[in-house]
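target.cif follows (mmCIF, C-alpha atoms):
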```cif
data_structure
loop_
_atom_site.label_atom_id
_atom_site.label_comp_id
_atom_site.auth_asym_id
_atom_site.auth_seq_id
_atom_site.Cartn_x
_atom_site.Cartn_y
_atom_site.Cartn_z
CA MET A 1 -15.04 -18.08 -6.99
CA SER A 2 -14.19 -15.60 -4.27
CA SER A 3 -15.88 -15.73 -0.92
CA PHE A 4 -16.79 -12.51 0.83
CA ALA A 5 -17.45 -14.46 4.04
CA LEU A 6 -13.94 -15.92 4.02
CA ASP A 7 -12.25 -12.65 3.12
CA LYS A 8 -14.18 -10.90 5.89
CA VAL A 9 -12.96 -13.39 8.51
CA CYS A 10 -9.34 -12.79 7.40
CA ARG A 11 -9.77 -9.02 7.51
CA ARG A 12 -11.37 -9.04 10.97
CA VAL A 13 -8.33 -10.83 12.34
CA VAL A 14 -6.38 -7.60 11.76
CA ILE A 15 -8.92 -4.94 12.67
CA ASP A 16 -10.83 -6.66 15.48
CA PRO A 17 -8.56 -7.91 18.29
CA ALA A 18 -11.51 -9.46 20.18
CA PHE A 19 -12.39 -11.52 17.12
CA ALA A 20 -8.78 -12.68 16.75
CA ALA A 21 -8.74 -13.65 20.44
CA ALA A 22 -12.00 -15.59 20.03
CA LEU A 23 -10.58 -17.43 17.02
CA ARG A 24 -7.58 -18.41 19.14
CA GLU A 25 -9.77 -19.48 22.07
CA ASP A 26 -12.42 -21.46 20.20
CA PRO A 27 -11.83 -21.41 16.47
CA ASP A 28 -14.59 -23.81 15.49
CA ALA A 29 -17.36 -22.01 17.40
CA THR A 30 -16.10 -18.61 16.29
CA LEU A 31 -16.08 -19.67 12.64
CA ARG A 32 -19.59 -21.16 12.96
CA ALA A 33 -20.82 -17.84 14.38
CA ALA A 34 -19.28 -15.78 11.57
CA ARG A 35 -21.70 -13.72 9.48
CA PRO A 36 -22.27 -14.02 6.63
CA PRO A 37 -21.88 -17.75 7.23
CA LEU A 38 -18.88 -19.60 5.88
CA GLY A 39 -19.43 -22.60 3.67
CA GLU A 40 -18.86 -25.99 5.29
CA ARG A 41 -15.81 -26.61 3.10
CA GLU A 42 -14.35 -23.18 3.86
CA ARG A 43 -14.67 -23.81 7.59
CA GLU A 44 -13.01 -27.21 7.32
CA LEU A 45 -10.13 -25.82 5.29
CA LEU A 46 -9.64 -22.94 7.72
CA MET A 47 -9.56 -25.33 10.69
CA ALA A 48 -6.95 -27.38 8.82
CA GLY A 49 -4.93 -24.29 7.90
CA ASP A 50 -5.16 -25.47 4.29
CA VAL A 51 -4.39 -22.12 2.73
CA GLY A 52 -3.47 -23.70 -0.60
CA ALA A 53 -6.96 -25.08 -1.07
CA LEU A 54 -8.51 -21.83 0.16
CA GLY A 55 -6.43 -20.00 -2.43
CA ARG A 56 -7.76 -22.33 -5.12
CA MET A 57 -11.27 -21.46 -3.96
CA GLY A 58 -10.59 -17.81 -4.73
CA ALA A 59 -9.50 -16.38 -1.39
CA ASN A 60 -7.82 -12.99 -1.50
CA PHE A 61 -4.18 -13.86 -0.83
CA PHE A 62 -3.34 -10.60 0.90
CA LEU A 63 -6.16 -11.18 3.36
CA LEU A 64 -5.45 -14.89 3.64
CA HIS A 65 -1.86 -14.31 4.74
CA GLN A 66 -3.13 -12.36 7.74
CA LEU A 67 -4.18 -15.69 9.30
CA ALA A 68 -0.51 -16.66 9.31
CA ARG A 69 0.72 -13.26 10.44
CA PHE A 70 -1.51 -13.59 13.50
CA GLU A 71 -0.56 -17.30 13.84
CA LEU A 72 -4.07 -18.73 13.72
CA PHE A 73 -5.12 -22.28 12.75
CA GLY A 74 -1.61 -23.56 13.44
CA LEU A 75 -0.13 -21.32 10.76
CA THR A 76 3.09 -19.37 10.79
CA LEU A 77 4.23 -17.20 7.90
CA GLU A 78 6.82 -19.84 7.06
CA LEU A 79 4.29 -22.69 7.02
CA TYR A 80 1.80 -20.55 5.13
CA ALA A 81 4.37 -19.82 2.44
CA ARG A 82 5.37 -23.49 2.16
CA ARG A 83 1.75 -24.54 1.63
CA ILE A 84 1.05 -21.88 -0.99
CA ARG A 85 4.25 -22.75 -2.86
CA ALA A 86 3.34 -26.46 -2.81
CA GLU A 87 -0.21 -25.88 -4.03
CA TYR A 88 0.90 -23.60 -6.84
CA ALA A 89 4.01 -25.55 -7.85
CA PRO A 90 2.77 -26.12 -11.43
CA GLU A 91 2.09 -22.42 -12.03
CA ARG A 92 5.36 -21.43 -10.36
CA ALA A 93 7.29 -23.80 -12.63
CA ARG A 94 5.57 -22.31 -15.66
CA TRP A 95 6.30 -18.72 -14.57
CA ALA A 96 9.93 -19.60 -13.91
CA ALA A 97 10.22 -21.18 -17.37
CA GLU A 98 8.63 -18.11 -18.97
CA GLN A 99 11.06 -15.80 -17.19
CA ALA A 100 14.01 -17.97 -18.15
CA GLY A 101 12.85 -17.96 -21.76
CA GLU A 102 12.62 -14.19 -22.00
CA MET B 1 -1.72 30.86 -1.01
CA ALA B 2 -0.88 27.17 -0.98
CA GLU B 3 2.21 26.11 -2.89
CA LEU B 4 3.44 22.71 -4.07
CA VAL B 5 7.05 22.54 -2.93
CA GLY B 6 8.15 18.97 -3.51
CA ALA B 7 7.30 15.34 -4.05
CA LEU B 8 8.42 12.04 -2.59
CA GLY B 9 8.15 8.39 -3.60
CA ILE B 10 8.21 6.25 -0.47
CA PRO B 11 8.40 2.46 -0.07
CA HIS B 12 6.41 1.16 2.89
CA ASN B 13 7.45 -2.42 3.64
CA PRO B 14 6.47 -2.72 7.32
CA PHE B 15 9.18 -5.30 8.05
CA THR B 16 11.82 -2.81 6.87
CA ALA B 17 10.47 -0.20 9.27
CA LEU B 18 10.44 -2.84 11.99
CA GLY B 19 14.06 -3.77 11.24
CA ILE B 20 15.04 -0.10 11.42
CA ALA B 21 13.16 0.37 14.70
CA ARG B 22 14.99 -2.65 16.12
CA GLY B 23 18.37 -1.46 14.85
CA GLU B 24 18.89 -4.53 12.65
CA GLU B 25 21.92 -4.48 10.35
CA ALA B 26 19.90 -5.94 7.48
CA ALA B 27 17.93 -2.70 7.39
CA ASP B 28 21.01 -0.46 7.11
CA GLU B 29 20.73 0.15 3.36
CA SER B 30 17.05 1.06 3.61
CA ARG B 31 17.80 3.27 6.61
CA GLU B 32 20.24 5.24 4.46
CA HIS B 33 17.73 5.64 1.65
CA TYR B 34 15.04 6.76 4.07
CA ALA B 35 17.53 9.28 5.48
CA ARG B 36 17.81 10.78 1.99
CA LEU B 37 14.03 11.14 1.88
CA ALA B 38 14.06 12.67 5.36
CA ALA B 39 16.62 15.24 4.22
CA ALA B 40 14.58 16.01 1.10
CA LEU B 41 11.42 16.48 3.16
CA GLU B 42 13.29 18.69 5.60
CA GLN B 43 14.50 20.92 2.74
CA MET B 44 10.95 21.24 1.42
CA ARG B 45 9.86 22.80 4.75
CA ALA B 46 6.40 21.44 4.07
CA ASP B 47 3.48 22.22 6.37
CA THR B 48 1.37 19.48 4.85
CA LEU B 49 2.14 16.18 3.17
CA VAL B 50 -0.56 14.89 0.82
CA VAL B 51 -0.02 11.14 0.57
CA PHE B 52 -1.44 8.97 -2.19
CA THR B 53 -1.73 5.50 -0.74
CA THR B 54 -3.47 2.16 -0.90
CA ASP B 55 -5.70 1.01 1.90
CA HIS B 56 -4.62 -2.54 2.76
CA TYR B 57 -8.18 -3.65 3.62
CA ASN B 58 -7.87 -1.87 6.96
CA LEU B 59 -10.44 0.87 6.31
CA PHE B 60 -12.61 -0.02 3.38
CA PHE B 61 -14.21 -3.38 2.77
CA GLU B 62 -17.68 -4.37 3.93
CA LEU B 63 -19.52 -1.06 3.76
CA SER B 64 -17.92 0.52 0.73
CA VAL B 65 -14.73 0.41 -1.30
CA PRO B 66 -14.30 3.86 -2.83
CA ILE B 67 -12.04 4.03 -5.89
CA PHE B 68 -10.75 7.39 -4.61
CA ALA B 69 -11.22 8.79 -1.10
CA ILE B 70 -9.71 11.56 1.02
CA GLY B 71 -9.34 11.87 4.77
CA VAL B 72 -10.91 15.03 6.21
CA ALA B 73 -10.31 15.14 9.96
CA GLN B 74 -8.24 16.90 12.60
CA SER B 75 -6.06 14.00 13.67
CA SER B 76 -5.38 10.32 13.27
CA SER B 77 -3.10 7.62 14.61
CA GLY B 78 -1.44 4.34 13.73
CA PRO B 79 -0.04 2.27 12.13
CA SER B 80 -3.25 0.46 12.93
CA ASP B 81 -2.37 -2.85 11.29
CA TYR B 82 1.12 -3.32 12.80
CA PRO B 83 0.84 -2.84 16.57
CA MET B 84 4.47 -3.98 16.91
CA LEU B 85 5.65 -0.85 15.05
CA PRO B 86 6.14 2.48 16.87
CA GLN B 87 2.73 4.12 17.22
CA PHE B 88 2.06 7.77 16.45
CA ASP B 89 -0.63 10.42 16.77
CA VAL B 90 -0.60 12.70 13.74
CA ALA B 91 -2.25 15.94 12.69
CA ILE B 92 -4.47 15.80 9.63
CA ASP B 93 -4.78 19.01 7.59
CA GLY B 94 -8.56 18.84 7.48
CA GLU B 95 -8.91 22.38 6.22
CA LEU B 96 -6.83 21.75 3.11
CA ALA B 97 -8.30 18.26 2.69
CA ALA B 98 -11.84 19.66 2.59
CA GLU B 99 -10.80 22.21 -0.04
CA ILE B 100 -9.12 19.53 -2.12
CA GLN B 101 -12.20 17.32 -1.99
CA SER B 102 -14.54 20.13 -3.05
CA PHE B 103 -12.21 21.13 -5.87
CA LEU B 104 -11.73 17.59 -7.18
CA VAL B 105 -15.43 16.74 -7.05
CA ALA B 106 -16.18 19.94 -8.98
CA GLU B 107 -13.61 18.83 -11.55
CA GLY B 108 -15.33 15.48 -12.01
CA PHE B 109 -13.34 13.24 -9.65
CA ASP B 110 -15.82 11.49 -7.38
CA LEU B 111 -13.66 11.50 -4.29
CA GLY B 112 -15.27 9.97 -1.20
CA ARG B 113 -14.73 11.50 2.22
CA SER B 114 -13.60 9.61 5.29
CA GLN B 115 -13.98 11.59 8.52
CA GLU B 116 -12.75 9.16 11.15
CA PHE B 117 -9.95 6.78 10.32
CA ALA B 118 -6.75 5.20 11.54
CA LEU B 119 -3.72 5.30 9.27
CA ASP B 120 -2.10 1.99 8.39
CA HIS B 121 1.52 1.01 7.79
CA THR B 122 1.53 2.43 4.26
CA ILE B 123 1.82 5.95 5.67
CA LEU B 124 3.02 5.66 9.23
CA ALA B 125 5.64 2.90 8.89
CA PRO B 126 7.87 4.99 6.59
CA LEU B 127 6.89 8.33 8.13
CA GLY B 128 7.87 6.96 11.52
CA VAL B 129 11.35 6.55 10.04
CA ILE B 130 11.70 9.77 8.04
CA ALA B 131 9.67 12.20 10.19
CA PRO B 132 9.25 10.63 13.64
CA ARG B 133 8.44 13.97 15.29
CA MET B 134 5.33 14.07 13.08
CA GLU B 135 5.56 17.82 12.63
CA VAL B 136 4.07 17.73 9.16
CA ALA B 137 0.28 17.45 8.85
CA ILE B 138 -1.05 14.67 6.64
CA VAL B 139 -3.75 14.55 4.00
CA PRO B 140 -4.33 10.93 2.98
CA ILE B 141 -5.79 10.20 -0.44
CA TRP B 142 -6.61 6.54 -0.91
CA ILE B 143 -6.53 5.02 -4.37
CA SER B 144 -8.17 1.61 -4.53
CA SER B 145 -5.25 -0.06 -6.25
CA SER B 146 -5.38 -3.47 -4.60
CA MET B 147 -8.92 -4.80 -4.71
CA ARG B 148 -10.27 -5.14 -8.25
CA PRO B 149 -11.57 -3.20 -10.11
CA ILE B 150 -8.76 -0.66 -9.93
CA PRO B 151 -8.62 2.69 -11.73
CA SER B 152 -6.51 3.18 -14.84
CA ALA B 153 -3.05 4.73 -14.87
CA GLU B 154 -4.37 7.57 -17.03
CA ARG B 155 -7.14 8.34 -14.54
CA CYS B 156 -4.74 8.40 -11.61
CA HIS B 157 -2.38 10.69 -13.50
CA SER B 158 -5.27 13.06 -14.18
CA LEU B 159 -6.21 12.94 -10.49
CA GLY B 160 -2.72 14.12 -9.60
CA ALA B 161 -2.93 16.95 -12.11
CA ALA B 162 -6.24 18.03 -10.61
CA LEU B 163 -4.73 17.89 -7.13
CA ALA B 164 -2.05 20.34 -8.27
CA ARG B 165 -4.75 22.73 -9.49
CA ALA B 166 -6.60 22.33 -6.18
CA ILE B 167 -3.46 23.25 -4.26
CA SER B 168 -2.57 26.24 -6.45
CA SER B 169 -6.12 27.58 -6.21
CA SER B 170 -6.24 27.34 -2.42
CA GLY B 171 -6.01 30.55 -0.44
CA LEU B 172 -4.58 28.71 2.57
CA GLN B 173 -1.03 29.57 3.58
CA ARG B 174 0.58 26.19 3.08
CA ARG B 175 3.77 24.68 1.78
CA VAL B 176 2.54 21.34 0.44
CA ALA B 177 4.53 18.26 -0.50
CA VAL B 178 2.95 15.34 -2.33
CA ALA B 179 4.00 11.77 -1.64
CA ALA B 180 3.31 8.36 -3.14
CA SER B 181 3.48 5.26 -0.99
CA GLY B 182 4.22 1.82 -2.35
CA ALA B 183 6.10 -0.52 -4.64
CA PHE B 184 6.17 -1.33 -8.38
CA SER B 185 6.38 -5.10 -8.11
CA PHE B 186 5.35 -6.95 -4.98
CA GLU B 187 3.39 -10.05 -4.03
CA VAL B 188 2.07 -10.61 -0.52
CA GLY B 189 0.92 -14.09 0.42
CA GLY B 190 0.16 -15.16 -3.14
CA PRO B 191 1.53 -17.79 -5.51
CA ARG B 192 4.16 -15.44 -6.94
CA MET B 193 5.98 -15.20 -3.59
CA SER B 194 9.71 -15.94 -3.46
CA GLU B 195 11.27 -19.30 -2.54
CA ASP B 196 12.20 -18.14 0.93
CA SER B 197 9.46 -15.77 2.10
CA HIS B 198 5.72 -15.15 2.14
CA VAL B 199 6.34 -12.11 -0.05
CA GLY B 200 8.14 -11.72 -3.35
CA VAL B 201 9.06 -9.50 -6.26
CA PRO B 202 7.71 -11.24 -9.35
CA ALA B 203 8.87 -8.56 -11.81
CA PRO B 204 12.16 -7.02 -10.63
CA ASP B 205 12.97 -5.89 -14.18
CA TRP B 206 9.74 -3.90 -14.23
CA ALA B 207 10.75 -2.18 -11.00
CA ILE B 208 14.06 -1.22 -12.58
CA ARG B 209 12.35 -0.11 -15.79
CA VAL B 210 10.05 2.19 -13.79
CA SER B 211 12.99 3.54 -11.80
CA GLU B 212 14.90 4.34 -15.01
CA LEU B 213 11.89 6.15 -16.43
CA LEU B 214 11.56 8.09 -13.16
CA ALA B 215 15.23 9.03 -13.33
CA ALA B 216 14.67 10.28 -16.88
CA GLY B 217 11.43 12.05 -16.03
CA ASP B 218 9.53 10.09 -18.69
CA VAL B 219 6.19 10.00 -16.91
CA ALA B 220 4.13 9.50 -20.08
CA GLN B 221 5.98 6.25 -20.75
CA ILE B 222 5.34 5.00 -17.22
CA VAL B 223 1.64 5.71 -17.67
CA ALA B 224 1.61 3.98 -21.07
CA GLU B 225 3.37 0.87 -19.77
CA THR B 226 1.28 0.51 -16.60
CA THR B 227 -1.26 -1.79 -18.22
CA PRO B 228 -3.53 -4.34 -16.53
CA ALA B 229 -1.34 -7.14 -17.97
CA GLN B 230 1.83 -5.57 -16.56
CA LEU B 231 0.21 -5.12 -13.17
CA ALA B 232 -1.02 -8.73 -13.12
CA ALA B 233 2.51 -10.00 -13.79
CA ALA B 234 4.06 -7.75 -11.16
CA GLY B 235 2.22 -9.11 -8.10
CA ASN B 236 -0.88 -8.47 -6.04
CA ALA B 237 0.51 -5.22 -4.57
CA SER B 238 1.84 -3.88 -7.88
CA GLY B 239 -1.14 -1.52 -8.22
CA GLU B 240 0.64 0.73 -5.74
CA ILE B 241 2.44 2.24 -8.73
CA LEU B 242 -0.85 4.08 -9.31
CA ASN B 243 -0.08 6.11 -6.17
CA TRP B 244 3.21 7.10 -7.80
CA ILE B 245 1.48 7.95 -11.07
CA ALA B 246 -1.00 10.20 -9.25
CA MET B 247 1.90 11.90 -7.45
CA LEU B 248 3.72 12.33 -10.78
CA GLY B 249 0.61 13.94 -12.25
CA SER B 250 0.86 16.80 -9.75
CA PHE B 251 3.86 18.50 -11.44
CA GLU B 252 5.42 18.93 -14.87
CA PRO B 253 7.53 15.87 -15.76
CA ARG B 254 11.17 16.14 -14.79
CA PRO B 255 13.96 13.82 -13.69
CA ALA B 256 13.90 12.90 -10.02
CA SER B 257 16.21 14.98 -7.82
CA PHE B 258 17.06 11.73 -6.06
CA ILE B 259 16.19 8.15 -6.91
CA GLU B 260 17.46 4.90 -5.47
CA PRO B 261 15.88 1.65 -6.67
CA GLN B 262 16.05 -1.58 -4.69
CA ARG B 263 15.62 -4.30 -7.32
CA ALA B 264 15.20 -7.12 -4.80
CA GLU B 265 12.44 -5.16 -3.06
CA GLY B 266 10.60 -4.14 -6.24
CA HIS B 267 10.53 -0.47 -5.30
CA ALA B 268 12.47 2.80 -5.27
CA TYR B 269 13.06 5.80 -3.04
CA ALA B 270 12.67 9.11 -4.88
CA ALA B 271 12.34 12.84 -4.36
CA TRP B 272 11.61 15.89 -6.49
CA ALA B 273 12.41 19.43 -5.34
CA LEU B 274 9.80 21.69 -6.91
CA ALA B 275 10.35 25.07 -5.26
#
```
Please render this file's structure as structure tokens.
Amino acid sequence: MSSFALDKVCRRVVIDPAFAAALREDPDATLRAARPPLGERERELLMAGDVGALGRMGANFFLLHQLARFELFGLTLELYARRIRAEYAPERARWAAEQAGE
Amino acid sequence: MAELVGALGIPHNPFTALGIARGEEAADESREHYARLAAALEQMRADTLVVFTTDHYNLFFELSVPIFAIGVAQSSSGPSDYPMLPQFDVAIDGELAAEIQSFLVAEGFDLGRSQEFALDHTILAPLGVIAPRMEVAIVPIWISSSMRPIPSAERCHSLGAALARAISSSGLQRRVAVAASGAFSFEVGGPRMSEDSHVGVPAPDWAIRVSELLAAGDVAQIVAETTPAQLAAAGNASGEILNWIAMLGSFEPRPASFIEPQRAEGHAYAAWALA
């Protein structure tokens, strides 16, 4: 299931510098004030920088990676990538096997 | 009377443009390829560059996501999404853009109009490299090729063909070049990323296949092979090939005058001299 509320937060990080600054200053309050409201689980996962789990919930990956590009929630692009790769290790192994078998 | 004088296929990786701006050695190969595109554009002596591109969620999201849209304004600026890249003010050829929109809508393409917009890295990152004086006016045409649902390859090819008719029917004195921005296989931030980056090229063989077909001028085969399944396997930015297909629709199929694929980047640099 994709979440418009989550995708919108990720997008605003890029197009709304004041919003990005507020997320850096007080992430919890800023996420609670987001409209439409984020789900409780989405907010917890964002605060934890758990992009793997957010991906599993249907987040748009292009938008999700913007959180790392702007280094929010403790993320860097390197850490972001490591977490996505870990979460999707089973799929990645399958894709690699398929490519090798071609 | 307006005349279509050439076409370009332009990769837009913002980190490449950043590397070039910073004089990094790793960007040397790309710098050379961009120089070839710059020379091709120079030879075209174009007044206006119509660019088929993909909005990267910078313009369209909450209010509306048009499948096709055109920018009708006097000027713009950017790249809006990469403030660390050189920033530019650019002229928009609003007069030609308005004519194109009217023509395409009359032909059955429901092209939305955007009248105030910033341009993102997809246009101004590469243009900052190949035409930093920004002497050519821009007409952006956005194809919604990232956020699902996306239009079909056939539809985008037809859009390009209609654009060519719009240009040839215009009474404006313009030399017009058409460009496509984007890659054939690319993943940004998703599970198909590489082992050492947040981006990746999940289908490098597809990128080479497309490049070979471009070199041969076999546009019909590119359109036939650009299926939803192929796009899904080629990464979450692979829909950008639709920009190329629209560009290719604007002239009779022919081998590229210049083409240089970069397999590891999932894209190619290409040019067609048409006049």
Write down, as an NGL selection string, each residue of chain A that has any atom within 9 Å of an atom of chain B, counting only C-alpha atoms.
:A and (4 or 8 or 11-12 or 14-15 or 55 or 60-66 or 77-78 or 80-82 or 84-85 or 87-89 or 91-92 or 95)
Please produce an output containing C-alpha atoms for each residue in the selection, written as a PDB file, in the coordinates of the input.
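Output below, filename again-v8.pdb:
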```
ATOM      1  CA  PHE A   4     -16.790 -12.510   0.830  1.00  0.00           C
ATOM      2  CA  LYS A   8     -14.180 -10.900   5.890  1.00  0.00           C
ATOM      3  CA  ARG A  11      -9.770  -9.020   7.510  1.00  0.00           C
ATOM      4  CA  ARG A  12     -11.370  -9.040  10.970  1.00  0.00           C
ATOM      5  CA  VAL A  14      -6.380  -7.600  11.760  1.00  0.00           C
ATOM      6  CA  ILE A  15      -8.920  -4.940  12.670  1.00  0.00           C
ATOM      7  CA  GLY A  55      -6.430 -20.000  -2.430  1.00  0.00           C
ATOM      8  CA  ASN A  60      -7.820 -12.990  -1.500  1.00  0.00           C
ATOM      9  CA  PHE A  61      -4.180 -13.860  -0.830  1.00  0.00           C
ATOM     10  CA  PHE A  62      -3.340 -10.600   0.900  1.00  0.00           C
ATOM     11  CA  LEU A  63      -6.160 -11.180   3.360  1.00  0.00           C
ATOM     12  CA  LEU A  64      -5.450 -14.890   3.640  1.00  0.00           C
ATOM     13  CA  HIS A  65      -1.860 -14.310   4.740  1.00  0.00           C
ATOM     14  CA  GLN A  66      -3.130 -12.360   7.740  1.00  0.00           C
ATOM     15  CA  LEU A  77       4.230 -17.200   7.900  1.00  0.00           C
ATOM     16  CA  GLU A  78       6.820 -19.840   7.060  1.00  0.00           C
ATOM     17  CA  TYR A  80       1.800 -20.550   5.130  1.00  0.00           C
ATOM     18  CA  ALA A  81       4.370 -19.820   2.440  1.00  0.00           C
ATOM     19  CA  ARG A  82       5.370 -23.490   2.160  1.00  0.00           C
ATOM     20  CA  ILE A  84       1.050 -21.880  -0.990  1.00  0.00           C
ATOM     21  CA  ARG A  85       4.250 -22.750  -2.860  1.00  0.00           C
ATOM     22  CA  GLU A  87      -0.210 -25.880  -4.030  1.00  0.00           C
ATOM     23  CA  TYR A  88       0.900 -23.600  -6.840  1.00  0.00           C
ATOM     24  CA  ALA A  89       4.010 -25.550  -7.850  1.00  0.00           C
ATOM     25  CA  GLU A  91       2.090 -22.420 -12.030  1.00  0.00           C
ATOM     26  CA  ARG A  92       5.360 -21.430 -10.360  1.00  0.00           C
ATOM     27  CA  TRP A  95       6.300 -18.720 -14.570  1.00  0.00           C
TER      28      TRP A  95
END
```
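Residues matched by the PyMOL selection byres ((chain B and resi 162-165) around 10) in this structure: B:Glu3, B:Leu4, B:Val50, B:Ile100, B:Gln101, B:Phe103, B:Leu104, B:Val105, B:Glu107, B:Gly108, B:Phe109, B:Cys156, B:His157, B:Ser158, B:Leu159, B:Gly160, B:Ala161, B:Ala166, B:Ile167, B:Ser168, B:Ser169, B:Ser170, B:Val176, B:Val178, B:Ala246, B:Met247, B:Gly249, B:Ser250, B:Phe251.
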How would you write, as a list in words, the residues chosen by the PyMOL selection byres ((chain A and resi 27) around 12) on this structure?
Val9, Val13, Phe19, Ala20, Ala21, Ala22, Leu23, Arg24, Glu25, Asp26, Asp28, Ala29, Thr30, Leu31, Arg32, Ala33, Ala34, Arg43, Glu44, Leu46, Met47, Ala48, Gly49, Leu67, Leu72, Phe73 and Gly74 of chain A
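Straight-line separation from atom CA of Ala40 of chain B to atom CA of Ala98 of chain B: 26.7 Å.
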Rounded to one decimal in Å, what is the spacing between atom CA of His12 of chain B and atom CA of Ser64 of chain B?
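Value for the atom CA of His12 of chain B-atom CA of Ser64 of chain B distance: 24.4 Å.
Straight-line separation from atom CA of Ala137 of chain B to atom CA of Asp47 of chain B: 6.3 Å.
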Chain and number of each residue from the PyMOL selection byres ((chain B and resi 55) around 12), as a PyMOL selection string:
(chain A and resi 62) or (chain B and resi 51-54+56-61+65-71+79-81+117-123+140-147+181-182+237+239-240+243)
Residues just named, written with C-alpha atoms as a PDB file, in the coordinates of the input:
```pdb
ATOM      1  CA  PHE A  62      -3.340 -10.600   0.900  1.00  0.00           C
TER       2      PHE A  62
ATOM      3  CA  VAL B  51      -0.020  11.140   0.570  1.00  0.00           C
ATOM      4  CA  PHE B  52      -1.440   8.970  -2.190  1.00  0.00           C
ATOM      5  CA  THR B  53      -1.730   5.500  -0.740  1.00  0.00           C
ATOM      6  CA  THR B  54      -3.470   2.160  -0.900  1.00  0.00           C
ATOM      7  CA  HIS B  56      -4.620  -2.540   2.760  1.00  0.00           C
ATOM      8  CA  TYR B  57      -8.180  -3.650   3.620  1.00  0.00           C
ATOM      9  CA  ASN B  58      -7.870  -1.870   6.960  1.00  0.00           C
ATOM     10  CA  LEU B  59     -10.440   0.870   6.310  1.00  0.00           C
ATOM     11  CA  PHE B  60     -12.610  -0.020   3.380  1.00  0.00           C
ATOM     12  CA  PHE B  61     -14.210  -3.380   2.770  1.00  0.00           C
ATOM     13  CA  VAL B  65     -14.730   0.410  -1.300  1.00  0.00           C
ATOM     14  CA  PRO B  66     -14.300   3.860  -2.830  1.00  0.00           C
ATOM     15  CA  ILE B  67     -12.040   4.030  -5.890  1.00  0.00           C
ATOM     16  CA  PHE B  68     -10.750   7.390  -4.610  1.00  0.00           C
ATOM     17  CA  ALA B  69     -11.220   8.790  -1.100  1.00  0.00           C
ATOM     18  CA  ILE B  70      -9.710  11.560   1.020  1.00  0.00           C
ATOM     19  CA  GLY B  71      -9.340  11.870   4.770  1.00  0.00           C
ATOM     20  CA  PRO B  79      -0.040   2.270  12.130  1.00  0.00           C
ATOM     21  CA  SER B  80      -3.250   0.460  12.930  1.00  0.00           C
ATOM     22  CA  ASP B  81      -2.370  -2.850  11.290  1.00  0.00           C
ATOM     23  CA  PHE B 117      -9.950   6.780  10.320  1.00  0.00           C
ATOM     24  CA  ALA B 118      -6.750   5.200  11.540  1.00  0.00           C
ATOM     25  CA  LEU B 119      -3.720   5.300   9.270  1.00  0.00           C
ATOM     26  CA  ASP B 120      -2.100   1.990   8.390  1.00  0.00           C
ATOM     27  CA  HIS B 121       1.520   1.010   7.790  1.00  0.00           C
ATOM     28  CA  THR B 122       1.530   2.430   4.260  1.00  0.00           C
ATOM     29  CA  ILE B 123       1.820   5.950   5.670  1.00  0.00           C
ATOM     30  CA  PRO B 140      -4.330  10.930   2.980  1.00  0.00           C
ATOM     31  CA  ILE B 141      -5.790  10.200  -0.440  1.00  0.00           C
ATOM     32  CA  TRP B 142      -6.610   6.540  -0.910  1.00  0.00           C
ATOM     33  CA  ILE B 143      -6.530   5.020  -4.370  1.00  0.00           C
ATOM     34  CA  SER B 144      -8.170   1.610  -4.530  1.00  0.00           C
ATOM     35  CA  SER B 145      -5.250  -0.060  -6.250  1.00  0.00           C
ATOM     36  CA  SER B 146      -5.380  -3.470  -4.600  1.00  0.00           C
ATOM     37  CA  MET B 147      -8.920  -4.800  -4.710  1.00  0.00           C
ATOM     38  CA  SER B 181       3.480   5.260  -0.990  1.00  0.00           C
ATOM     39  CA  GLY B 182       4.220   1.820  -2.350  1.00  0.00           C
ATOM     40  CA  ALA B 237       0.510  -5.220  -4.570  1.00  0.00           C
ATOM     41  CA  GLY B 239      -1.140  -1.520  -8.220  1.00  0.00           C
ATOM     42  CA  GLU B 240       0.640   0.730  -5.740  1.00  0.00           C
ATOM     43  CA  ASN B 243      -0.080   6.110  -6.170  1.00  0.00           C
TER      44      ASN B 243
END
```
Nearest residue to Pro126 of chain B from the set B:Ala215, B:Leu85, B:Leu172, B:Ile222 (distances using only C-alpha atoms):
B:Leu85
Identify, on the basis of all atoms listed in the file, every residue whose closest approach to His33 of chain B does not exceed 12 Å; exclude the query and any residue fewer than 5 positions from it along the same chain; express the result as a PyMOL selection string.
chain B and resi 9-11+16+20+27-28+38-40+126+129-130+258-262+267-271
Save out the residues we just selected, C-alpha atoms, as a CSV table (one decimal), keeping the file's coordinate frame.
```
chain,number,residue,atom,x,y,z
B,9,GLY,CA,8.2,8.4,-3.6
B,10,ILE,CA,8.2,6.2,-0.5
B,11,PRO,CA,8.4,2.5,-0.1
B,16,THR,CA,11.8,-2.8,6.9
B,20,ILE,CA,15.0,-0.1,11.4
B,27,ALA,CA,17.9,-2.7,7.4
B,28,ASP,CA,21.0,-0.5,7.1
B,38,ALA,CA,14.1,12.7,5.4
B,39,ALA,CA,16.6,15.2,4.2
B,40,ALA,CA,14.6,16.0,1.1
B,126,PRO,CA,7.9,5.0,6.6
B,129,VAL,CA,11.4,6.6,10.0
B,130,ILE,CA,11.7,9.8,8.0
B,258,PHE,CA,17.1,11.7,-6.1
B,259,ILE,CA,16.2,8.2,-6.9
B,260,GLU,CA,17.5,4.9,-5.5
B,261,PRO,CA,15.9,1.6,-6.7
B,262,GLN,CA,16.0,-1.6,-4.7
B,267,HIS,CA,10.5,-0.5,-5.3
B,268,ALA,CA,12.5,2.8,-5.3
B,269,TYR,CA,13.1,5.8,-3.0
B,270,ALA,CA,12.7,9.1,-4.9
B,271,ALA,CA,12.3,12.8,-4.4
```
